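Trainee: To start, I am sharing the structure in question, which I have written as structure tokens.
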Amino acid sequence: MTGVVESCLGMAARAPFWLLAAFLCIVFFTGGSTWDSEPQLMLLRPAALLIAGCAILTLRREHIARHWVVAALFLGAALLTAAHLVPLPYAWWSALPGRDIIVSIDQVAGLGQISRPLSMAPDATLNALYALSIPFAVLLLAVQLNSQEHQRILLLLLALAALSGLFGVLQAGGSTVAFYPEQSPTSGLFANRNHQGALLALLIPMAAALGALGVSNRVGAAARVAAAPVITVIAIPLLLVTGSRSALVVAAVGLVFGLLIWSSGGGRQDRPLWLRLVPPAVVTAVVGGLVWLTAFASRDVAIERLAATETELRWPVWQSIIDMLPHYMPWGTGIGSYAQAYQILEPDNLLRPTISNHAHNEFLEVAFTAGVPGLVLLGISFAALLLALWRSFSIKAASDPAVIFSRLGSSILVLLAIASSSDYPTRTPILAAVLALASVWASMGGRAIRETKLKQGLK
């Protein structure tokens with residue numbers, strides 16, 4: 001009887017890992033688009049809520065306590081989104097900046113002084129709240145995993161990202177395989193090539209962390225150390241094939257973080273300097289050669305697009321958003337309402353057959369839609385990220401997997417922030433899930449980091 005109970009408890013303890021692994025597979029094959037009209041969302045979002053409900057059954061207070069900053073930030077984002085849906089008295093919402101046009105429409109339609117929420121597009125805000133179900137499920141499961149399970153999730157994430165890159169290569173070669181009706185030619189499991197490029201750029205620090213974990217863990221150490229440079233070398237041509245210009249910048253920064261994670265891994269500080277520098281130097285040389293070879297073979301779509309002189313609409317759109325900000329401050333237009341609110345004051349010279357569905361700059365869009373409260377939450381998030389970066393990378397060397405994951409998580413967050421400065425990658429369910437995982441990883445290792453610093457101080 002005791003054995004049966006222990007077996008059941010063991011299965012229950014492993015349930016979060018298997019649920020997270022299965023959910024990530026579902027997300028990667030159904031969550032590559034940002035459009036709320038995609039039919040795949042009818043499967044993905046209910047599955048996210050169902051899995052989140054299962055995760056709550058095994059959630060404990062200590063799980064949240066270890067990652068309380070991440071939990072608090074997510075709760076703040078969810079509550080702020082929900083607050084934009086609360087009906088307000090007519091005297092309150094009609095006095096909000098920029099609501100004159102809605103007041104006029106209500107008067108013409110004879111609706112009278114009705115209650116409305118803060119959001120100028122409540123349906124879009126409700127969709128934004130529903131979209132949080134994906135990172136919510138990932139967070140609830142990821143905080144319950146142990147170090148070994150996090151390493152297995154990293155391997156799965158690497159495999160899924162590589163699979164998306166493989167689909168991108170097939171598409172570049174002329175294959176008609178596509179997962180969405182409107183999809184970029186080389187976007188892999190995504191609908192947009194920029195989002196594919198952002199994911200492939202993340203392969204570089206993830207591969208470096210895999211190698212560092214191989215040094216600190218004897219199980220499969222040789223395979224992990226060998227796989228790290230191989231994955232990095234493979235990622236570069238895959239990224240160039242996507243044709244994403246922003247991904248090249250993200251990959252360049254990712255290479256720096258990858259070298260930092262690799263060179264500061266546990267056990268490497270005891271080796272001679274030349275031995276520590278040889279692997280990064282070889283990888284850098286091979287990557288440079290592959291970039292040249294890819295360019296020579298005329299597959300460097302991203303480099304060609306860098307040299308293109310086509311009109312770039314992002315700059316005038318950003319300027320128009322900045323001009324609109326005083327009109328809607330301090331509360332914003334409502335989270336998720338950018339597309340509808342922007343059309344009201346959109347300059348005539350920027351009118352096109354297509355709509356501006358997003359600002360292509362997440363920081364501007366947060367200011368536009370969430371106002372000062374959103375900017376405050378964003379500022380706190382950046383402060384937490386800077387603290388995580390300083391805390392994890394200030395150690396000379398550390399063999400604890402939690403420290404390596406902290407470095408990896410904070411690096412991924414920086415790269416996603418860079419990608420978000422000219423696009424909206426984390427609005428896809430895939431990268432929203434990666435963002436949630438990276439946030440948990442960045443908050444790992446607090447105790448291990450303190451102990452390592454104490455030992456190094458004693459030395």
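Chain labels A, B, ... are given in the sequence in which chains occur in the structure tokens; within each chain residues are numbered consecutively from 1, and ligands are likewise numbered from 1 in the order shown.
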Excluding Val372 in chain A and any residue of its chain fewer than 6 positions from it, enumerate the residues within 10 Å of it, using only C-alpha atoms, and give them as a PyMOL selection string.

Mentor: chain A and resi 329-332+366+378

Trainee: Extract, using only C-alpha atoms, all DNA, RNA and protein residues at most 10 Å from Glu149 in chain A, discarding same-chain residues fewer than 6 positions from it, and format them as a ChimeraX atom specification.

Mentor: /A:14,16-18,21,142,155

Trainee: Measuring between only C-alpha atoms, which one of A:Asp106, A:Leu415, A:Val69, A:Val403 shows the shortest distance to Val256 in chain A?

Mentor: A:Leu415

Trainee: Please run DSSP on the backbone and report, as a count of residues only, all residues within range 140-177 of chain A that come out as helix (DSSP H, G or I).

Mentor: 29

Trainee: How many Å separate CA of Ala252 in chain A from CA of Ile204 in chain A?

Mentor: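 Interatomic distance, CA of Ala252 in chain A to CA of Ile204 in chain A: 9.5 Å.
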
Trainee: Between CA of Ala384 in chain A and CA of Arg245 in chain A, what is the distance, to one decimal in Å?

Mentor: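 Interatomic distance, CA of Ala384 in chain A to CA of Arg245 in chain A: 28.6 Å.
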